[in-house]
Amino acid sequence: MSIQTRPLAVPKKRGIFSYMRSEYMLYLLMVPGLLYFLVFKYIPMYGVSIAFQNYNIFNPDNSTWVGFDNFSKLISQVGFQRALYNNIVISLQKLVIGFPIPIILSLMINEVNSRNCKKFIQTSVILPNFVSWVVINGLMYALFSPSMGGIREIANFIGYTGQLPNLLTDVDSFQSVIVWSHVWKNAGMGTIVYLAALMGIDDQLYEAASIDGAGKWRQLIHITLPCIKSTIIVLLMFRVGEVMYAGFDQIFAITNPMVNPVADIIDTFVYRVGLQNKQFALATAAGLFQSVIGLVLVIITNAIAKKTDPDSSMI
Amino acid sequence: MKKSKAEIIGMIINGVALFLIAFITIYPFWHVLMYSISDSQRASAGGLFFLPKGLDITGYELVLKQPQLYNAYWNTIARTAVGTLLSVILTAMLAYPLSLPRLKGRKFLCIAIFFTMLFNGGMIPTYLLVNDLHMIDTFWALVIPNAMSAYNLFIMRNYFQSIPASLEESARIDGANPITILFRIILPISTPTLAAVGMFYGVSNWNAYLDGVLYINNNSLQILQVYLRNLFSSAGSGAVLSGIQGISDAARVTEETLKMVTISVSVIPILIVYPYLQKYYTTGITTGAVKG
């Protein structure tokens with residue numbers, strides 16, 4: 001192919017073949033990436049078909065179709081009901097507590113005048129975002145362990161010497177540990193997103209408002225919040241879509257048999273049933289149940305977002 | 001403009017609250033680091049609030065003598081280096097054509113890729129695929145299955161779209177082919193986005209552990225995060241710790257100190273580099289809108 005002589009302006013009526021011939025290098029560039037998405041994303045999507053089969057591990061070609069049998073088996077299983085319940089309870093808590101905190105934090109940081117202080121606080125709150133859940137699990141141990149925990153030292157420092165409960169093995173408190181450590185790890189990331197949005201607001205708006213006599217509070221309600229509204233909606237949408245995913249990385253890192261009744265979520269259920277007990281079909285059905293509901297949630301929230309604010313819909 | 005009394009009080013409260021929040025985020029790390037360099041016996045007696053109790057680095061000497069830790073460290077470094085490089089190159093190669101309006105089928109491909117953000121086959125079908133590809137217990141299981149993310153792809157594509165089309169046009173007139181244009185012209189002026197995407201891939205490679213649990217059973221391929229996870233799981237900690245405590249002068253170092261040292265050893269590299277990386281977060285996020 002000689003590119004040198006190719007006319008720059010693309011002639012209007014050109015066949016798809018001559019187009020492909022002249023641009024084949026562009027398509028060539030895409031081959032590895034497209035192959036990746038096809039193989040590692042789309043083949044597993046097809047792979048969910050085993051959820052409707054009586055999957056034979058030793059001879060997959062011999063599997064028979066059983067319709068929705070696996071799903072009815074699943075729904076009637078106490079273990080799955082518990083996992084689903086925990087899943088929803090944990091992720092709703094994460095959503096309700098974790099969503100507003102970055103907004104508040106970014107508004108607070110935005111009020112700080114000193115550049116260095118601003119930088120210091122930003123750098124601190126983003127730190128947990130850079131470490132893995134395994135490390136966070138270790139930090140939680142270092143914080144809450146009754147034998148060496150930082151909480152005990154802080155309590156002693158303030159003058160409290162009584163017995164402290166071990167929050168990590170206590171069924172009543174474990175979900176709160178999960179929720180708050182999630183909030184603690186991810187707040188910084190959201191804060192940075194909102195800070196970027198806050199930076200984009202024109203200072204003149206605030207000047208005009210303060211000349212008109214609007215105080216800080218009214219500036220917040222009438223300028224700041226409307227200006228970051230679409231960022232809030234987009235992030236909220238992402239979070240609602242994740243409600244079915246209660247945090248496998250996090251909970252799987254804190255394997256602790258004592259708290260299993262309150263910490264077992266759909267993903268840990270899938271891992272146990274599928275990869276440990278080799279009930280592939282049942283586990284795939286659980287996973288499919290999860291991702292279908294997740295997809296429906298995204299579509300619904302997107303439709304709502306589109307109605308309230310056309311700029312902020314995702315699709 | 002003069003500030004009212006109420007505003008000044010508000011600013012003070014705000015500042016104090018923010019410093020408290022910064023304390024809450026840093027303290028767990030601080031506590032672990034201080035515990036790890038403290039004298040083991042005195043630390044376990046309590047009273048270590050802010051400063052170390054005595055100074056003793058025997059724990060570090062013991063932990064760093066572990067061949068299994070070295071091996072895990074090496075595997076994590078290798079997967080991060082290879083994985084990040086591969087991911088960035090693959091992502092750029094796909095993002096560039098998708099950024100060109102003249103590409104036929106562009107819209108369809110973008111929607112198909114975007115859909116993978118909304119729906120996925122799940123753990124079991126993916127595991128069975130990796131198994132069918134004979135990747136289980138190979139280094140590639142740590143690199144290939146999560147090589148690309150649609151999110152990072154769209155970050156890069158959006159950045160490429162913001163580059164003036166005339167730049168690409170003039171290179172085409174000069175006879176450059178798309179591969180040359182991408183590697184010689186587009187990528188050199190895209191360093192902010194390359195850094196951001198590279199950081200996203202790098203951090204997620206360094207921190208990933210699920211693939212190390214799901215796809216790797218072979219101890220010689222164990223990654224750092226899995227080593228650390230075993231240390232804190234009730235079943236695995238015995239095996240890891242007995243290896244350390246078999247060493248002669250281990251008696252005066254407690255299990256707690258050894259755990260804190262191991263966390264420190266795995267987290268110190270991140271503490272050193274993350275302040276430099278964090279600015280790319282903003283770059284990545286602000287060009288990351290998926291729409292378009």
# chains A, B, ... in the order shown; residues from 1 in each chain; ligands from 1

$ residues_around --residues "Ile216 in chain B" --least-positions-apart "5" --cutoff "10 Å" --atoms "only C-alpha atoms" --output "ChimeraX atom specification"
/B:135-139,141-142,210-211,221-223,226

$ select_by_dssp --residues "range 63-269 of chain A" --states "helix (DSSP H, G or I)" --output "PDB file with C-alpha atoms, in the first residue's frame"
ATOM      1  CA  ASP A  69     -33.130 -25.613  38.029  1.00  0.00           C
ATOM      2  CA  ASN A  70     -29.866 -24.257  39.394  1.00  0.00           C
ATOM      3  CA  PHE A  71     -31.498 -20.953  40.224  1.00  0.00           C
ATOM      4  CA  SER A  72     -34.398 -22.488  42.109  1.00  0.00           C
ATOM      5  CA  LYS A  73     -31.927 -24.708  43.965  1.00  0.00           C
ATOM      6  CA  LEU A  74     -29.888 -21.633  44.770  1.00  0.00           C
ATOM      7  CA  ILE A  75     -32.745 -19.480  46.022  1.00  0.00           C
ATOM      8  CA  VAL A  78     -30.013 -21.058  53.296  1.00  0.00           C
ATOM      9  CA  GLY A  79     -26.346 -20.319  52.594  1.00  0.00           C
ATOM     10  CA  PHE A  80     -27.200 -18.289  49.512  1.00  0.00           C
ATOM     11  CA  GLN A  81     -30.030 -16.425  51.227  1.00  0.00           C
ATOM     12  CA  ARG A  82     -27.645 -15.453  53.988  1.00  0.00           C
ATOM     13  CA  ALA A  83     -24.973 -14.379  51.500  1.00  0.00           C
ATOM     14  CA  LEU A  84     -27.483 -12.297  49.545  1.00  0.00           C
ATOM     15  CA  TYR A  85     -28.775 -10.681  52.716  1.00  0.00           C
ATOM     16  CA  ASN A  86     -25.267  -9.847  53.993  1.00  0.00           C
ATOM     17  CA  ASN A  87     -24.299  -8.627  50.556  1.00  0.00           C
ATOM     18  CA  ILE A  88     -27.140  -6.119  50.424  1.00  0.00           C
ATOM     19  CA  VAL A  89     -26.819  -5.015  54.040  1.00  0.00           C
ATOM     20  CA  ILE A  90     -23.060  -4.424  53.741  1.00  0.00           C
ATOM     21  CA  SER A  91     -23.144  -2.622  50.430  1.00  0.00           C
ATOM     22  CA  LEU A  92     -26.086  -0.419  51.375  1.00  0.00           C
ATOM     23  CA  GLN A  93     -24.229   0.653  54.503  1.00  0.00           C
ATOM     24  CA  LYS A  94     -21.157   1.358  52.384  1.00  0.00           C
ATOM     25  CA  LEU A  95     -23.270   3.426  50.018  1.00  0.00           C
ATOM     26  CA  VAL A  96     -25.146   5.425  52.643  1.00  0.00           C
ATOM     27  CA  ILE A  97     -22.098   6.140  54.814  1.00  0.00           C
ATOM     28  CA  GLY A  98     -19.403   6.164  52.162  1.00  0.00           C
ATOM     29  CA  PRO A 100     -21.573  11.628  51.303  1.00  0.00           C
ATOM     30  CA  ILE A 101     -18.223  11.623  53.127  1.00  0.00           C
ATOM     31  CA  PRO A 102     -16.012  12.501  50.123  1.00  0.00           C
ATOM     32  CA  ILE A 103     -18.372  15.354  49.229  1.00  0.00           C
ATOM     33  CA  ILE A 104     -18.154  16.802  52.734  1.00  0.00           C
ATOM     34  CA  LEU A 105     -14.409  16.220  52.872  1.00  0.00           C
ATOM     35  CA  SER A 106     -13.766  17.956  49.564  1.00  0.00           C
ATOM     36  CA  LEU A 107     -15.876  20.953  50.616  1.00  0.00           C
ATOM     37  CA  MET A 108     -13.888  21.161  53.845  1.00  0.00           C
ATOM     38  CA  ILE A 109     -10.537  20.900  52.079  1.00  0.00           C
ATOM     39  CA  ASN A 110     -11.633  23.485  49.554  1.00  0.00           C
ATOM     40  CA  ARG A 115      -1.664  25.571  49.859  1.00  0.00           C
ATOM     41  CA  ASN A 116       0.658  23.441  51.948  1.00  0.00           C
ATOM     42  CA  CYS A 117      -2.034  22.458  54.426  1.00  0.00           C
ATOM     43  CA  LYS A 118      -4.330  21.579  51.556  1.00  0.00           C
ATOM     44  CA  LYS A 119      -1.654  19.427  50.002  1.00  0.00           C
ATOM     45  CA  PHE A 120      -0.816  17.708  53.278  1.00  0.00           C
ATOM     46  CA  ILE A 121      -4.432  16.778  53.943  1.00  0.00           C
ATOM     47  CA  GLN A 122      -5.032  15.592  50.386  1.00  0.00           C
ATOM     48  CA  THR A 123      -1.902  13.472  50.481  1.00  0.00           C
ATOM     49  CA  SER A 124      -2.963  11.935  53.783  1.00  0.00           C
ATOM     50  CA  VAL A 125      -6.496  11.025  52.836  1.00  0.00           C
ATOM     51  CA  ILE A 126      -5.455   9.413  49.546  1.00  0.00           C
ATOM     52  CA  LEU A 127      -2.824   7.193  51.196  1.00  0.00           C
ATOM     53  CA  PRO A 128      -5.042   4.178  52.063  1.00  0.00           C
ATOM     54  CA  ASN A 129      -6.191   4.093  48.464  1.00  0.00           C
ATOM     55  CA  PHE A 130      -2.728   3.005  47.359  1.00  0.00           C
ATOM     56  CA  TRP A 133      -6.883  -4.897  51.052  1.00  0.00           C
ATOM     57  CA  VAL A 134      -4.494  -7.462  52.450  1.00  0.00           C
ATOM     58  CA  VAL A 135      -2.378  -4.670  53.926  1.00  0.00           C
ATOM     59  CA  ILE A 136      -5.500  -2.913  55.213  1.00  0.00           C
ATOM     60  CA  ASN A 137      -6.491  -6.161  56.867  1.00  0.00           C
ATOM     61  CA  GLY A 138      -3.097  -6.177  58.580  1.00  0.00           C
ATOM     62  CA  LEU A 139      -3.593  -2.571  59.644  1.00  0.00           C
ATOM     63  CA  MET A 140      -7.003  -3.418  61.089  1.00  0.00           C
ATOM     64  CA  TYR A 141      -5.410  -6.213  63.049  1.00  0.00           C
ATOM     65  CA  ALA A 142      -2.758  -3.790  64.276  1.00  0.00           C
ATOM     66  CA  LEU A 143      -5.484  -1.353  65.263  1.00  0.00           C
ATOM     67  CA  PHE A 144      -8.062  -3.585  66.921  1.00  0.00           C
ATOM     68  CA  GLY A 150      -3.479   0.988  68.410  1.00  0.00           C
ATOM     69  CA  ILE A 151      -7.004   1.530  69.720  1.00  0.00           C
ATOM     70  CA  ARG A 152      -5.928   0.106  73.069  1.00  0.00           C
ATOM     71  CA  GLU A 153      -2.940   2.434  73.144  1.00  0.00           C
ATOM     72  CA  ILE A 154      -5.078   5.438  72.310  1.00  0.00           C
ATOM     73  CA  ALA A 155      -7.583   4.428  74.999  1.00  0.00           C
ATOM     74  CA  ASN A 156      -4.763   4.059  77.528  1.00  0.00           C
ATOM     75  CA  PHE A 157      -3.373   7.399  76.456  1.00  0.00           C
ATOM     76  CA  ILE A 158      -6.676   9.118  77.172  1.00  0.00           C
ATOM     77  CA  PHE A 174     -17.648  -6.989  62.244  1.00  0.00           C
ATOM     78  CA  GLN A 175     -19.888  -5.493  59.587  1.00  0.00           C
ATOM     79  CA  SER A 176     -19.144  -2.035  60.924  1.00  0.00           C
ATOM     80  CA  VAL A 177     -15.429  -2.764  60.664  1.00  0.00           C
ATOM     81  CA  ILE A 178     -15.950  -3.770  57.022  1.00  0.00           C
ATOM     82  CA  VAL A 179     -18.042  -0.716  56.231  1.00  0.00           C
ATOM     83  CA  TRP A 180     -15.826   1.818  57.979  1.00  0.00           C
ATOM     84  CA  SER A 181     -12.560   0.402  56.689  1.00  0.00           C
ATOM     85  CA  HIS A 182     -14.055   0.596  53.211  1.00  0.00           C
ATOM     86  CA  VAL A 183     -15.026   4.210  53.789  1.00  0.00           C
ATOM     87  CA  TRP A 184     -11.581   4.912  55.220  1.00  0.00           C
ATOM     88  CA  LYS A 185      -9.804   3.362  52.216  1.00  0.00           C
ATOM     89  CA  ASN A 186     -11.904   4.927  49.479  1.00  0.00           C
ATOM     90  CA  ALA A 187     -12.843   8.364  50.806  1.00  0.00           C
ATOM     91  CA  GLY A 188      -9.658   9.951  49.458  1.00  0.00           C
ATOM     92  CA  MET A 189     -10.300   8.875  45.892  1.00  0.00           C
ATOM     93  CA  GLY A 190     -13.791  10.381  45.825  1.00  0.00           C
ATOM     94  CA  THR A 191     -12.498  13.506  47.539  1.00  0.00           C
ATOM     95  CA  ILE A 192      -9.982  14.081  44.758  1.00  0.00           C
ATOM     96  CA  VAL A 193     -12.680  13.714  42.121  1.00  0.00           C
ATOM     97  CA  TYR A 194     -14.870  16.299  43.839  1.00  0.00           C
ATOM     98  CA  LEU A 195     -11.929  18.622  44.441  1.00  0.00           C
ATOM     99  CA  ALA A 196     -11.207  18.559  40.714  1.00  0.00           C
ATOM    100  CA  ALA A 197     -14.835  19.505  40.072  1.00  0.00           C
ATOM    101  CA  LEU A 198     -14.678  22.274  42.691  1.00  0.00           C
ATOM    102  CA  MET A 199     -11.560  23.716  41.077  1.00  0.00           C
ATOM    103  CA  ASP A 203     -14.418  32.395  41.178  1.00  0.00           C
ATOM    104  CA  GLN A 204     -16.459  35.251  39.757  1.00  0.00           C
ATOM    105  CA  LEU A 205     -19.631  33.456  40.798  1.00  0.00           C
ATOM    106  CA  TYR A 206     -18.550  33.611  44.433  1.00  0.00           C
ATOM    107  CA  GLU A 207     -17.446  37.234  44.155  1.00  0.00           C
ATOM    108  CA  ALA A 208     -20.748  38.264  42.648  1.00  0.00           C
ATOM    109  CA  ALA A 209     -22.644  36.359  45.317  1.00  0.00           C
ATOM    110  CA  SER A 210     -20.716  37.894  48.187  1.00  0.00           C
ATOM    111  CA  ILE A 211     -21.269  41.389  46.766  1.00  0.00           C
ATOM    112  CA  LYS A 216     -20.937  31.054  52.995  1.00  0.00           C
ATOM    113  CA  TRP A 217     -23.941  28.857  53.529  1.00  0.00           C
ATOM    114  CA  ARG A 218     -26.018  30.353  50.738  1.00  0.00           C
ATOM    115  CA  GLN A 219     -23.013  30.253  48.396  1.00  0.00           C
ATOM    116  CA  LEU A 220     -22.748  26.541  49.140  1.00  0.00           C
ATOM    117  CA  ILE A 221     -26.411  25.889  48.403  1.00  0.00           C
ATOM    118  CA  HIS A 222     -26.763  28.125  45.359  1.00  0.00           C
ATOM    119  CA  ILE A 223     -23.347  27.914  43.690  1.00  0.00           C
ATOM    120  CA  THR A 224     -21.152  25.055  44.859  1.00  0.00           C
ATOM    121  CA  LEU A 225     -23.641  22.218  44.997  1.00  0.00           C
ATOM    122  CA  PRO A 226     -25.349  23.014  41.667  1.00  0.00           C
ATOM    123  CA  CYS A 227     -21.916  23.236  40.020  1.00  0.00           C
ATOM    124  CA  LYS A 229     -24.263  18.228  40.730  1.00  0.00           C
ATOM    125  CA  SER A 230     -23.415  16.198  37.633  1.00  0.00           C
ATOM    126  CA  THR A 231     -20.236  14.839  39.225  1.00  0.00           C
ATOM    127  CA  ILE A 232     -22.295  13.751  42.232  1.00  0.00           C
ATOM    128  CA  ILE A 233     -24.870  12.041  40.036  1.00  0.00           C
ATOM    129  CA  VAL A 234     -22.279  10.202  37.924  1.00  0.00           C
ATOM    130  CA  LEU A 235     -20.440   8.917  40.988  1.00  0.00           C
ATOM    131  CA  LEU A 236     -23.702   7.939  42.643  1.00  0.00           C
ATOM    132  CA  MET A 237     -24.617   5.963  39.558  1.00  0.00           C
ATOM    133  CA  PHE A 238     -21.363   4.058  39.633  1.00  0.00           C
ATOM    134  CA  ARG A 239     -21.889   3.269  43.287  1.00  0.00           C
ATOM    135  CA  VAL A 240     -25.473   2.108  42.884  1.00  0.00           C
ATOM    136  CA  GLY A 241     -24.354  -0.199  40.083  1.00  0.00           C
ATOM    137  CA  PHE A 248     -14.817  -9.470  47.474  1.00  0.00           C
ATOM    138  CA  ASP A 249     -11.223  -8.176  47.647  1.00  0.00           C
ATOM    139  CA  GLN A 250     -11.859  -6.740  51.046  1.00  0.00           C
ATOM    140  CA  ILE A 251     -13.868  -9.491  52.698  1.00  0.00           C
ATOM    141  CA  PHE A 252     -11.859 -12.327  51.209  1.00  0.00           C
ATOM    142  CA  ALA A 253      -8.727 -10.801  52.738  1.00  0.00           C
ATOM    143  CA  PRO A 257     -14.343 -18.287  60.458  1.00  0.00           C
ATOM    144  CA  MET A 258     -15.789 -16.625  63.553  1.00  0.00           C
ATOM    145  CA  VAL A 259     -17.477 -13.845  61.620  1.00  0.00           C
ATOM    146  CA  ASN A 260     -18.575 -15.886  58.604  1.00  0.00           C
ATOM    147  CA  PRO A 261     -22.307 -15.667  59.455  1.00  0.00           C
ATOM    148  CA  VAL A 262     -22.247 -11.882  58.991  1.00  0.00           C
ATOM    149  CA  ALA A 263     -19.427 -11.572  56.443  1.00  0.00           C
ATOM    150  CA  ILE A 266     -22.279 -13.551  47.183  1.00  0.00           C
ATOM    151  CA  ASP A 267     -18.683 -13.554  45.908  1.00  0.00           C
ATOM    152  CA  THR A 268     -17.314 -15.518  48.855  1.00  0.00           C
ATOM    153  CA  PHE A 269     -20.262 -17.888  48.420  1.00  0.00           C
TER     154      PHE A 269
END

$ atom_distance --atom1 "CA of Ala305 in chain A" --atom2 "CA of Thr91 in chain B"
29.6 Å

$ residues_around --residues "Thr254 in chain B" --least-positions-apart "2" --cutoff "6 Å" --atoms "only C-alpha atoms" --output "list in words"
Ser40, Glu256 and Thr257 of chain B
